[in-house]
Number of protein chains: 4
Amino acid sequence: MKRYRIGVLGATGTVGQQIVHRLRNHPWFSVTSLAASDRSAGKHYSEAVHWRIPERIPEEAASMIVRPLSANLDCDICLSALDASVAGEAEEEFARAGYPVISNSRNHRMDSDVPLLVPEVNPSHIALVERQRASRGFGSGFMATNPNCSTAGLVVALKPLHDAFGIEAISVVTMQALSGAGFPGVASLDVTDNLIPHIAGEEDKLETEPRKILGELRDGFVSDANIRISAHCNRVPVIDGHTESVSLKLRHRATPQDVSAALREFTGEPQRLGLPSAPAQPIEVRDEADRPQPRLDRDAGDGMSVVVGRVRACPVFDIRFTLLSHNLIRGAAGAAILNAELFAHAGYFAARDSAELVSVTAS
Amino acid sequence: MKRYRIGVLGATGTVGQQIVHRLRNHPWFSVTSLAASDRSAGKHYSEAVHWRIPERIPEEAASMIVRPLSANLDCDICLSALDASVAGEAEEEFARAGYPVISNSRNHRMDSDVPLLVPEVNPSHIALVERQRASRGFGSGFMATNPNCSTAGLVVALKPLHDAFGIEAISVVTMQALSGAGFPGVASLDVTDNLIPHIAGEEDKLETEPRKILGELRDGFVSDANIRISAHCNRVPVIDGHTESVSLKLRHRATPQDVSAALREFTGEPQRLGLPSAPAQPIEVRDEADRPQPRLDRDAGDGMSVVVGRVRACPVFDIRFTLLSHNLIRGAAGAAILNAELFAHAGYFAARDSAELVSVTAS
Amino acid sequence: MKRYRIGVLGATGTVGQQIVHRLRNHPWFSVTSLAASDRSAGKHYSEAVHWRIPERIPEEAASMIVRPLSANLDCDICLSALDASVAGEAEEEFARAGYPVISNSRNHRMDSDVPLLVPEVNPSHIALVERQRASRGFGSGFMATNPNCSTAGLVVALKPLHDAFGIEAISVVTMQALSGAGFPGVASLDVTDNLIPHIAGEEDKLETEPRKILGELRDGFVSDANIRISAHCNRVPVIDGHTESVSLKLRHRATPQDVSAALREFTGEPQRLGLPSAPAQPIEVRDEADRPQPRLDRDAGDGMSVVVGRVRACPVFDIRFTLLSHNLIRGAAGAAILNAELFAHAGYFAARDSAELVSVTAS
Amino acid sequence: MKRYRIGVLGATGTVGQQIVHRLRNHPWFSVTSLAASDRSAGKHYSEAVHWRIPERIPEEAASMIVRPLSANLDCDICLSALDASVAGEAEEEFARAGYPVISNSRNHRMDSDVPLLVPEVNPSHIALVERQRASRGFGSGFMATNPNCSTAGLVVALKPLHDAFGIEAISVVTMQALSGAGFPGVASLDVTDNLIPHIAGEEDKLETEPRKILGELRDGFVSDANIRISAHCNRVPVIDGHTESVSLKLRHRATPQDVSAALREFTGEPQRLGLPSAPAQPIEVRDEADRPQPRLDRDAGDGMSVVVGRVRACPVFDIRFTLLSHNLIRGAAGAAILNAELFAHAGYFAARDSAELVSVTAS
């Protein structure tokens with residue numbers, strides 16, 4: 001496998017840090033560029049970032065000069081953790097300039113020609129990129145996205161159940177971690193001895209994104225899965241790890257044992273391909289009455305496994321369970337990296353050399 | 001109104017303390033006896049109790065000698081906050097000895113001849129006491145109960161909606177406070193930067209108790225309401241105040257505005273009778289996107305109001321909202337006191353004098 | 001006592017809210033003006049403020065229009081909770097315009113002609129105002145300040161000990177509450193399962209302010225007390241209430257019993273004068289091994305009492321103890337109000353009528 | 001190096017788990033026996049333990065049958081994490097039966113013939129074992145201890161400073177983590193939005209243990225270091241990692257730069273010998289104003305490094321700083337293992353075979 005040079009857009013934020021952190025010692029990727037807002041540009045990364053990960057900043061990143069968001073970075077691929085206020089335009093400009101942009105931002109997720117991709121769930125949606133390039137006039141560049149952090153873990157568990165039993169409706173209540181709000185994010189005064197029963201925009205994402213991800217690709221278009229979803233989203237005083245109480249209405253009868261077995265046995269494309277960030281077991285099923293718990297289980301599979309517990313019958317729907325996934329890893333940084341690995345494996349990336357770089361400045 | 005002498009059973013626990021605290025300066029009731037397990041009996045209350053309420057122990061209680069659980073207390077009424085391991089037998093013995101026992105414990109809640117009572121919701125169920133006395137051979141004594149702390153607030157909000165629109169099914173996910181587990185209860189190591197997606201026995205209570213409370217009294221029997229309920233119960237790091245994400249399937253169409261209006265306008269028997277612990281407004285409806293929050297809203301109506309927010313349409317069911325109620329007050333101590341007030345007003349209590357006291361010893 | 005009209009400068013912040021909250025039903029003072037930064041000016045107070053106090057906004061305040069920081073407010077006295085970035089100039093302009101300014105901000109605390117006042121400790125320092133007026137050319141206006149929130153409680157406990165035994169040196173380590181940083185203040189990600197061993201500027205304040213407060217007034221100047229102070233300041237995940245581990249080196253021998261007695265028996269000018277916000281007991285001494293604790297003890301004396309516990313001999317210094325005081329009340333809002341009460345009682349305030357108002361605009 | 005078989009006494013507790021966890025893949029040691037109280041004995045370890053470490057129980061340990069506390073375990077060395085209520089007698093019986101007992105318990109720490117050992121600080125104290133064997137009539141067995149969790153980190157930092165500048169007095173205020181109290185330990189209701197300014201027995205340990213550890217070995221006896229120590233111990237809502245605000249009075253002048261350099265350059269016997277658990281850098285000095293912080297820094301050096309920050313002059317003493325160390329690792333499990341490694345290297349352990357095992361039953 002050849003190595004690719006990675007540029008991280010929005011490198012100083014909570015997700016950007018996590019991408020930099022997780023790419024240390026990556027077998028295929030090396031971080032060569034860090035870009036961020038004008039406030040950070042020009043500084044050493046170690047000065048620009050409020051580094052919140054216990055392990056120290058990777059040495060090679062610490063001394064890099066943060067670049068502005070101009071589409072002339074020295075890299076083959078951009079991983080974007082940009083804030084939604086700038087991601088929309090910036091990502092499109094980078095793609096137009098020839099960069100593949102693998103994004104964690106929400107701006108282009110629901111665009112019909114942009115894959116909203118979870119490699120275990122809908123790897124075939126990668127093909128949307130062809131239509132995207134054609135319709136937007138892109139050359140080698142393109143955009144692909146990973147879902148919202150509360151959707152990312154859920155769809156992994158939904159996939160084998162939808163395939164086996166058909167999901168008709170979902171009622172999901174989230175208890176989401178603080179790191180999902182970025183930094184500084186939630187004020188400590190708002191969430192000590194407290195929780196907040198609202199996260200702006202989140203319920204809408206959780207009610208729409210799974211329908212696209214679980215949708216079928218036909219003739220270059222994704223037709224949304226016919227699943228009704230109701231989401232209540234809550235913020236709780238937990239650092240990392242989104243917990244979700246999930247009830248499902250199924251089209252075909254399934255016992256809790258059937259469901260547990262389907263979850264446990266599930267593997268997807270990343271496991272078959274042996275992608276570097278793919279967890280051996282995408283879904284861990286716990287039998288204890290009181291698991292999963294965020295502090296104990298969020299790091300399963302190096303943060304990439306989804307942990308499910310309390311699988312049981314539901315008196316109103318058919319099946320219910322508790323699901324946990326690491327919002328910064330499976331739900332953001334790790335998701336973007338896994339997507340990049342899938343594209344790399346599929347041959348979508350050309351290694352670029354500096355001479356080719358088009359000079360386009362993000363507004 | 002005449003004054004009644006109150007004995008508190010299980011006076012040293014989290015709920016028992018709260019009863020003692022809330023009865024200071026009560027217009028009808030005076031605490032005259034404090035009873036607890038043998039470990040505490042014989043000590044001054046101030047020594048026996050690990051008092052966790054910021055206000056100091058009421059002076060008259062502090063110096064009382066804690067009595068054992070023998071049914072010869074110097075009081076007219078017993079309020080019980082006994083642990084379920086002893087409440088079953090002890091409460092029945094007190095009732096048999098002639099004491100009205102108003103209990104917070106779960107043991108007799110589902111007995112068909114024991115009212116499971118929330119004065120705003122099912123005051124007519126008080127009549128079960130007659131059958132109880134007859135069938136169990138009680139004299140002036142009897143047992144009445146209040147529901148589980150996660151049920152107590154919920155049914156207040158369900159009542160006007162069931163009356164107006166008919167509730168067919170409920171999906172409820174709770175985020176319950178630490179104090180609901182008593183003291184020492186949840187270990188800090190288990191719930192710092194964490195939550196626990198399981199509370200033993202709780203989901204079963206929340207799925208059955210509302211059906212009895214909202215049931216109809218016919219010929220001395222309660223016929224359960226025909227409502228399917230699914231509950232996921234979670235413990236979160238919040239001191240007091242249970243938050244619930246609720247979705248409802250209704251028999252008759254209702255807009256969020258209809259629902260908000262029905263909640264806001266609701267008042268019940270305690271408000272009409274002006275019972276001392278009745279909140280002016282049993283249900284407060286908040287319009288802000290991010291309320292109710294436990295730390296800010298749990299003390300509404302002196303802890304007796306239920307606070308509802310985020311009333312909105314549900315893509316899967318019909319209506320959904322977030323509900324908060326103070327688990328130790330509306331869900332326990334205040335509930336028992338309000339029940340006692342309802343019985344007092346209805347003339348169910350005879351003031352007893354010491355000579356009458358039957359000497360029966362709880363095992 | 002006549003009533004005074006109060007203007008609150010910086011009314012939307014954490015301390016400003018607390019002032020508005022505590023002045024509801026004040027016997028001498030009525031809030032008539034609320035002023036804040038340009039971002040808030042022109043809005044209704046209820047819209048401009050992110051109200052974080054469980055009790056609702058006082059009705060009369062909720063509907064007031066927030067005024068800009070111009071020295072033409074309709075009030076007799078200004079209570080200032082301005083941010084230090086604007087307080088310096090703004091307060092001086094209000095004073096020059098004829099307003100007495102009772103400030104919680106740090107800017108003028110160490111000015112030699114500005115009282116740094118704790119009514120129980122150094123009420124005579126009020127006299128600095130005369131020199132201030134003369135030297136700055138003020139008319140009826142003047143400035144007076146209360147100390148930093150970690151100093152405010154400490155000096156109340158130091159006062160009787162310094163009088164009785166002479167304090168030579170102090171080693172104090174604080175564990176300060178989140179609300180001391182204002183809102184949004186400390187990010188939840190920084191302080192969940194964590195503490196921060198640094199608060200910018202705080203140690204310097206705690207090492208200098210007590211020397212001025214405990215200093216002697218001679219010929220219109222305060223001569224600092226000759227006490228060496230070492231402070232370590234830490235931020236801990238507690239909402240309200242600063243806890244301090246204090247060791248004292250004394251000039252005269254004192255047993256822990258002597259110290260406890262001196263603390264317990266202490267009362268000051270506010271108690272003698274019966275000022276409305278004066279706690280009956282400025283210092284509560286607890287005998288339990290594990291008190292004071294912030295959640296249980298911060299509201300002692302309606303937040304105005306300082307609570308001391310664990311008074312014992314020190315193997316290195318002479319005496320040590322743990323001290324707690326409510327940083328937003330004794331340490332900020334309540335301190336400013338008590339100062340205002342002291343000045344009111346001493347006749348320093350003239351009720352102003354609107355015609356007198358000088359029009360000076362704060363930059 | 002030959003391999004030794006390890007028995008863990010008190011294997012189900014918080015520290016015992018950590019020992020089991022840290023010995024997975026140890027190059028010299030293999031866990032062959034797990035012993036605990038009668039309540040656990042006879043069960044599989046996986047059933048007996050409430051495992052609180054995110055990584056799963058090592059497979060070989062999970063299936064072991066927990067043994068009672070009888071001195072006939074199949075092992076060469078015992079690592080003890082027994083509760084102080086049983087450790088005193090049990091450890092002595094194991095030693096008498098021929099087992100080297102490396103203990104984390106406090107019972108024998110201050111015995112004059114028992115080393116209180118921190119390998120970086122006082123490796124020569126290992127020699128006390130000879131006198132112990134002689135005076136107690138032990139054969140190959142002996143007892144050695146590591147200090148209290150709040151002492152363990154502190155003495156590592158004191159060592160180079162005492163050597164270079166002479167420490168005369170110490171004022172230390174701790175902010176100790178929840179895990180220091182074991183499980184269930186501190187109730188969540190006691191420490192949410194709260195701290196507790198008292199830990200039973202802790203101040204006494206912190207005021208005496210460093211004097212022994214820093215003492216000189218002369219003629220087989222340790223003469224305590226002549227250092228006065230004052231400790232205030234507080235419990236704060238942090239999971240792992242004890243933070244300490246430290247002020248030192250020195251016999252010889254030192255600038256903060258001198259102190260930082262001495263700390264940074266320090267290495268000890270474990271580093272020279274390359275013991276497997278020795279951190280490369282026993283003391284990390286941070287230059288940021290707000291470090292160390294428990295959540296970010298407790299895992300430095302795999303939990304074995306002590307992290308020091310904010311080194312600065314002290315207006316009352318001479319030098320002050322903030323220190324952090326992981327209470328379960330440097331302060332308990334890792335400390336015991338490092339001690340065992342030191343003894344192993346020094347040739348104190350004989351590999352035993354089962355036939356030799358003396359059958360003595362702990363009461």
# chains A, B, ... in the order shown; residues from 1 in each chain; ligands from 1
$ residues_around --residues "segment 131-148 of chain D" --least-positions-apart "5" --cutoff "7 Å" --atoms "only C-alpha atoms" --output "list in words"
Ala95, Arg96, Ala97, Gly98, Tyr99, Pro100, Val101, Ile102, Ser103, Asn104, Arg109, Asp113, Val114, Pro115, Leu116, Leu117, Val118, Lys205, Glu209, Gly220, Gly331, Ala335 and Ala336 of chain D
$ write_last_selection --atoms "N, CA, C and O atoms" --output "PDB file, in the first residue's frame"
ATOM      1  N   ALA D  95       3.992 -14.398  55.782  1.00  0.00           N
ATOM      2  CA  ALA D  95       5.445 -14.220  55.881  1.00  0.00           C
ATOM      3  C   ALA D  95       6.044 -15.354  56.717  1.00  0.00           C
ATOM      4  O   ALA D  95       7.064 -15.948  56.355  1.00  0.00           O
ATOM      5  N   ARG D  96       5.362 -15.670  57.806  1.00  0.00           N
ATOM      6  CA  ARG D  96       5.856 -16.734  58.677  1.00  0.00           C
ATOM      7  C   ARG D  96       5.860 -18.076  57.926  1.00  0.00           C
ATOM      8  O   ARG D  96       6.711 -18.934  58.157  1.00  0.00           O
ATOM      9  N   ALA D  97       4.908 -18.216  57.022  1.00  0.00           N
ATOM     10  CA  ALA D  97       4.827 -19.451  56.244  1.00  0.00           C
ATOM     11  C   ALA D  97       5.827 -19.469  55.088  1.00  0.00           C
ATOM     12  O   ALA D  97       5.833 -20.407  54.284  1.00  0.00           O
ATOM     13  N   GLY D  98       6.634 -18.430  54.994  1.00  0.00           N
ATOM     14  CA  GLY D  98       7.698 -18.463  54.005  1.00  0.00           C
ATOM     15  C   GLY D  98       7.480 -17.597  52.779  1.00  0.00           C
ATOM     16  O   GLY D  98       8.326 -17.562  51.877  1.00  0.00           O
ATOM     17  N   TYR D  99       6.368 -16.890  52.735  1.00  0.00           N
ATOM     18  CA  TYR D  99       6.102 -16.059  51.550  1.00  0.00           C
ATOM     19  C   TYR D  99       6.660 -14.650  51.739  1.00  0.00           C
ATOM     20  O   TYR D  99       6.377 -14.011  52.760  1.00  0.00           O
ATOM     21  N   PRO D 100       7.364 -14.149  50.784  1.00  0.00           N
ATOM     22  CA  PRO D 100       7.599 -12.700  50.766  1.00  0.00           C
ATOM     23  C   PRO D 100       6.257 -12.019  50.519  1.00  0.00           C
ATOM     24  O   PRO D 100       5.524 -12.414  49.599  1.00  0.00           O
ATOM     25  N   VAL D 101       5.934 -11.054  51.357  1.00  0.00           N
ATOM     26  CA  VAL D 101       4.663 -10.330  51.213  1.00  0.00           C
ATOM     27  C   VAL D 101       4.975  -8.865  50.930  1.00  0.00           C
ATOM     28  O   VAL D 101       5.555  -8.177  51.773  1.00  0.00           O
ATOM     29  N   ILE D 102       4.595  -8.447  49.754  1.00  0.00           N
ATOM     30  CA  ILE D 102       4.816  -7.062  49.346  1.00  0.00           C
ATOM     31  C   ILE D 102       3.450  -6.406  49.451  1.00  0.00           C
ATOM     32  O   ILE D 102       2.541  -6.710  48.681  1.00  0.00           O
ATOM     33  N   SER D 103       3.289  -5.509  50.407  1.00  0.00           N
ATOM     34  CA  SER D 103       1.946  -5.089  50.778  1.00  0.00           C
ATOM     35  C   SER D 103       1.675  -3.624  50.523  1.00  0.00           C
ATOM     36  O   SER D 103       2.543  -2.760  50.711  1.00  0.00           O
ATOM     37  N   ASN D 104       0.440  -3.387  50.173  1.00  0.00           N
ATOM     38  CA  ASN D 104      -0.059  -2.032  50.014  1.00  0.00           C
ATOM     39  C   ASN D 104      -0.804  -1.588  51.257  1.00  0.00           C
ATOM     40  O   ASN D 104      -1.232  -0.440  51.355  1.00  0.00           O
ATOM     41  N   ARG D 109       3.304  -0.743  58.015  1.00  0.00           N
ATOM     42  CA  ARG D 109       4.176   0.278  57.433  1.00  0.00           C
ATOM     43  C   ARG D 109       5.130   0.913  58.434  1.00  0.00           C
ATOM     44  O   ARG D 109       6.276   1.198  58.099  1.00  0.00           O
ATOM     45  N   ASP D 113      10.917  -2.771  61.788  1.00  0.00           N
ATOM     46  CA  ASP D 113      11.682  -3.767  61.027  1.00  0.00           C
ATOM     47  C   ASP D 113      11.058  -4.073  59.666  1.00  0.00           C
ATOM     48  O   ASP D 113      11.402  -5.055  59.023  1.00  0.00           O
ATOM     49  N   VAL D 114      10.143  -3.234  59.254  1.00  0.00           N
ATOM     50  CA  VAL D 114       9.485  -3.440  57.951  1.00  0.00           C
ATOM     51  C   VAL D 114       9.829  -2.264  57.047  1.00  0.00           C
ATOM     52  O   VAL D 114       9.580  -1.117  57.406  1.00  0.00           O
ATOM     53  N   PRO D 115      10.390  -2.550  55.876  1.00  0.00           N
ATOM     54  CA  PRO D 115      10.686  -1.432  54.966  1.00  0.00           C
ATOM     55  C   PRO D 115       9.399  -0.765  54.481  1.00  0.00           C
ATOM     56  O   PRO D 115       8.439  -1.458  54.127  1.00  0.00           O
ATOM     57  N   LEU D 116       9.402   0.542  54.494  1.00  0.00           N
ATOM     58  CA  LEU D 116       8.340   1.342  53.863  1.00  0.00           C
ATOM     59  C   LEU D 116       9.041   1.931  52.651  1.00  0.00           C
ATOM     60  O   LEU D 116       9.782   2.900  52.754  1.00  0.00           O
ATOM     61  N   LEU D 117       8.796   1.294  51.518  1.00  0.00           N
ATOM     62  CA  LEU D 117       9.755   1.358  50.421  1.00  0.00           C
ATOM     63  C   LEU D 117       9.200   2.043  49.178  1.00  0.00           C
ATOM     64  O   LEU D 117       8.112   1.723  48.706  1.00  0.00           O
ATOM     65  N   VAL D 118       9.982   2.966  48.658  1.00  0.00           N
ATOM     66  CA  VAL D 118       9.727   3.549  47.337  1.00  0.00           C
ATOM     67  C   VAL D 118      11.054   3.438  46.585  1.00  0.00           C
ATOM     68  O   VAL D 118      12.002   4.151  46.911  1.00  0.00           O
ATOM     69  N   LYS D 205      -1.089   9.740  58.312  1.00  0.00           N
ATOM     70  CA  LYS D 205      -0.159   8.977  57.463  1.00  0.00           C
ATOM     71  C   LYS D 205       0.756   9.906  56.680  1.00  0.00           C
ATOM     72  O   LYS D 205       1.965   9.668  56.563  1.00  0.00           O
ATOM     73  N   GLU D 209       4.628   9.098  57.371  1.00  0.00           N
ATOM     74  CA  GLU D 209       5.305   8.197  56.436  1.00  0.00           C
ATOM     75  C   GLU D 209       6.498   8.821  55.708  1.00  0.00           C
ATOM     76  O   GLU D 209       7.542   8.181  55.573  1.00  0.00           O
ATOM     77  N   GLY D 220      20.960  -0.957  60.754  1.00  0.00           N
ATOM     78  CA  GLY D 220      19.748  -1.755  60.673  1.00  0.00           C
ATOM     79  C   GLY D 220      18.498  -1.062  61.168  1.00  0.00           C
ATOM     80  O   GLY D 220      17.428  -1.669  61.226  1.00  0.00           O
ATOM     81  N   GLY D 331       0.539   5.096  43.523  1.00  0.00           N
ATOM     82  CA  GLY D 331       0.171   5.109  44.936  1.00  0.00           C
ATOM     83  C   GLY D 331      -0.277   3.777  45.482  1.00  0.00           C
ATOM     84  O   GLY D 331      -0.603   3.678  46.665  1.00  0.00           O
ATOM     85  N   ALA D 335       3.080   0.644  42.757  1.00  0.00           N
ATOM     86  CA  ALA D 335       4.100   0.760  43.802  1.00  0.00           C
ATOM     87  C   ALA D 335       4.469  -0.613  44.335  1.00  0.00           C
ATOM     88  O   ALA D 335       5.656  -0.930  44.514  1.00  0.00           O
ATOM     89  N   ALA D 336       3.471  -1.445  44.584  1.00  0.00           N
ATOM     90  CA  ALA D 336       3.742  -2.785  45.112  1.00  0.00           C
ATOM     91  C   ALA D 336       4.512  -3.611  44.081  1.00  0.00           C
ATOM     92  O   ALA D 336       5.448  -4.338  44.418  1.00  0.00           O
TER      93      ALA D 336
END
$ interface_residues --of "chain D" --to "chain C" --cutoff "6 Å" --atoms "only C-alpha atoms" --output "JSON, numbers by chain"
{"D": [193, 194, 196, 197, 198, 228, 230, 238, 239, 290, 293, 294, 295, 315, 316]}
$ atom_distance --atom1 "atom CA of Val8 of chain C" --atom2 "atom CA of Ala350 of chain C"
17.1 Å
$ atom_distance --atom1 "atom CA of Phe29 of chain A" --atom2 "atom CA of Asp74 of chain A"
13.5 Å
$ atom_distance --atom1 "atom CA of Gln281 of chain C" --atom2 "atom CA of Leu214 of chain C"
19.9 Å
$ residues_around --residues "His44 of chain C" --least-positions-apart "6" --cutoff "8 Å" --atoms "only C-alpha atoms" --output "ChimeraX atom specification"
/C:62-66
$ write_last_selection --atoms "N, CA and C atoms" --output "compact mmCIF listing (two decimals), in the first residue's frame"
# COMPACT_ATOMS: atom_id res chain seq x y z
N ALA C 62 -37.83 41.47 35.07
CA ALA C 62 -37.94 40.74 33.80
C ALA C 62 -38.32 41.66 32.65
N SER C 63 -39.19 42.60 32.92
CA SER C 63 -39.72 43.45 31.85
C SER C 63 -38.95 44.76 31.67
N MET C 64 -37.95 44.99 32.51
CA MET C 64 -37.16 46.23 32.33
C MET C 64 -36.34 46.15 31.04
N ILE C 65 -36.15 47.31 30.43
CA ILE C 65 -35.26 47.40 29.27
C ILE C 65 -33.84 47.62 29.79
N VAL C 66 -32.93 46.79 29.35
CA VAL C 66 -31.54 46.93 29.78
C VAL C 66 -30.96 48.21 29.18
$ residues_around --residues "Arg39 of chain A" --least-positions-apart "4" --cutoff "12 Å" --atoms "only C-alpha atoms" --output "short mmCIF file (atom, residue, chain, number, x, y, z; two decimals) with N, CA, C and O atoms, in the first residue's frame"
data_model
loop_
_atom_site.label_atom_id
_atom_site.label_comp_id
_atom_site.auth_asym_id
_atom_site.auth_seq_id
_atom_site.Cartn_x
_atom_site.Cartn_y
_atom_site.Cartn_z
N GLY A 10 -9.48 22.21 9.98
CA GLY A 10 -10.09 22.37 11.31
C GLY A 10 -9.32 21.57 12.33
O GLY A 10 -9.89 20.89 13.18
N THR A 12 -7.55 22.28 14.90
CA THR A 12 -7.38 22.65 16.31
C THR A 12 -8.58 22.27 17.18
O THR A 12 -8.46 22.28 18.40
N ALA A 35 -4.61 22.75 8.82
CA ALA A 35 -5.20 24.04 8.47
C ALA A 35 -6.30 24.38 9.46
O ALA A 35 -6.97 23.50 10.00
N LYS A 43 0.53 30.14 13.44
CA LYS A 43 1.14 29.70 14.71
C LYS A 43 1.63 28.26 14.60
O LYS A 43 1.15 27.49 13.76
N HIS A 44 2.53 27.88 15.50
CA HIS A 44 2.83 26.47 15.63
C HIS A 44 1.59 25.77 16.13
O HIS A 44 0.84 26.31 16.96
N TYR A 45 1.39 24.56 15.66
CA TYR A 45 0.20 23.81 16.08
C TYR A 45 0.15 23.70 17.60
O TYR A 45 -0.92 23.85 18.21
N GLU A 47 0.99 25.74 19.80
CA GLU A 47 0.50 26.97 20.42
C GLU A 47 -0.96 27.21 20.09
O GLU A 47 -1.71 27.80 20.85
N ALA A 48 -1.36 26.80 18.89
CA ALA A 48 -2.70 27.14 18.41
C ALA A 48 -3.76 26.25 19.04
O ALA A 48 -4.92 26.64 19.16
N VAL A 49 -3.38 25.07 19.46
CA VAL A 49 -4.36 24.09 19.90
C VAL A 49 -4.47 24.07 21.42
O VAL A 49 -3.47 24.26 22.12
N VAL A 66 0.44 26.13 11.45
CA VAL A 66 -0.95 25.97 11.01
C VAL A 66 -1.18 26.84 9.78
O VAL A 66 -0.79 28.02 9.75
N ARG A 67 -1.77 26.26 8.77
CA ARG A 67 -2.04 26.96 7.51
C ARG A 67 -3.45 27.52 7.49
O ARG A 67 -4.34 26.98 8.16
N PRO A 68 -3.69 28.57 6.72
CA PRO A 68 -5.07 29.05 6.58
C PRO A 68 -5.87 28.08 5.69
O PRO A 68 -5.31 27.17 5.09
N LEU A 69 -7.18 28.32 5.62
CA LEU A 69 -8.05 27.41 4.88
C LEU A 69 -8.01 27.70 3.37
O LEU A 69 -9.05 27.96 2.76
#
$ residues_around --residues "Ala254 of chain C" --least-positions-apart "6" --cutoff "9 Å" --atoms "only C-alpha atoms" --output "ChimeraX atom specification"
/C:165,318-319
$ write_last_selection --atoms "N, CA, C and O atoms" --output "tab-separated table (two decimals), in the first residue's frame"
chain	number	residue	atom	x	y	z
C	165	PHE	N	-5.17	37.10	68.71
C	165	PHE	CA	-3.90	36.36	68.82
C	165	PHE	C	-2.80	36.92	67.92
C	165	PHE	O	-1.65	36.51	68.04
C	318	ASP	N	0.61	27.14	63.70
C	318	ASP	CA	0.03	26.95	65.03
C	318	ASP	C	-1.38	26.37	65.00
C	318	ASP	O	-1.71	25.51	65.79
C	319	ILE	N	-2.15	26.88	64.07
C	319	ILE	CA	-3.57	26.51	64.04
C	319	ILE	C	-3.96	26.27	62.59
C	319	ILE	O	-3.44	26.91	61.68
$ select_by_dssp --residues "segment 107-294 of chain C" --states "alpha helix (DSSP H)" --output "VMD selection string"
chain C and resid 128 to 136 149 to 165 188 to 191 202 to 213 256 to 265 269 to 273 294
$ select_by_dssp --residues "segment 65-127 of chain C" --states "strand (DSSP E or B)" --output "list in words"
Ile65, Arg67, Ser70, Ile77, Cys78, Leu79, Ser80, Pro100, Val101, Ile102, Ser103 and Leu116 of chain C
$ write_last_selection --atoms "N, CA and C atoms" --output "tab-separated table (two decimals), in the first residue's frame"
chain	number	residue	atom	x	y	z
C	65	ILE	N	-36.15	47.31	30.43
C	65	ILE	CA	-35.26	47.40	29.27
C	65	ILE	C	-33.84	47.62	29.79
C	67	ARG	N	-30.32	48.99	30.04
C	67	ARG	CA	-29.73	50.26	29.61
C	67	ARG	C	-28.26	50.10	29.29
C	70	SER	N	-24.19	54.04	30.49
C	70	SER	CA	-24.05	55.50	30.51
C	70	SER	C	-24.45	56.02	31.87
C	77	ILE	N	-28.12	54.77	43.66
C	77	ILE	CA	-26.89	54.05	43.98
C	77	ILE	C	-26.65	53.04	42.87
C	78	CYS	N	-25.38	52.83	42.53
C	78	CYS	CA	-25.07	51.77	41.58
C	78	CYS	C	-24.38	50.62	42.29
C	79	LEU	N	-24.88	49.42	42.07
C	79	LEU	CA	-24.16	48.23	42.49
C	79	LEU	C	-23.53	47.66	41.23
C	80	SER	N	-22.21	47.50	41.24
C	80	SER	CA	-21.53	47.11	40.01
C	80	SER	C	-21.01	45.68	40.07
C	100	PRO	N	-22.93	57.04	43.95
C	100	PRO	CA	-22.15	56.10	44.77
C	100	PRO	C	-22.10	54.77	44.02
C	101	VAL	N	-20.89	54.24	43.87
C	101	VAL	CA	-20.73	52.97	43.16
C	101	VAL	C	-20.17	51.94	44.13
C	102	ILE	N	-20.95	50.93	44.41
C	102	ILE	CA	-20.54	49.87	45.32
C	102	ILE	C	-20.21	48.70	44.42
C	103	SER	N	-18.92	48.38	44.35
C	103	SER	CA	-18.49	47.49	43.27
C	103	SER	C	-17.94	46.17	43.76
C	116	LEU	N	-11.76	48.97	50.59
C	116	LEU	CA	-11.95	47.55	50.25
C	116	LEU	C	-12.60	46.99	51.51
$ residues_around --residues "His162 of chain B" --least-positions-apart "5" --cutoff "12 Å" --atoms "only C-alpha atoms" --output "list of chain:residue names"
B:Val121, B:Leu154, B:Val155, B:Val156, B:Ala157, B:Ile167, B:Glu168, B:Ala169, B:Ile170, B:Pro210, B:Arg211, B:Ile213, B:Leu214, B:Gly215, B:Ala225, B:Asn226, B:Ile227, B:Leu248, B:Lys249, B:Leu250, B:Arg251, B:His252, B:Arg253, B:Ala254, B:Val259, B:Ala262, B:Leu263, B:Phe266
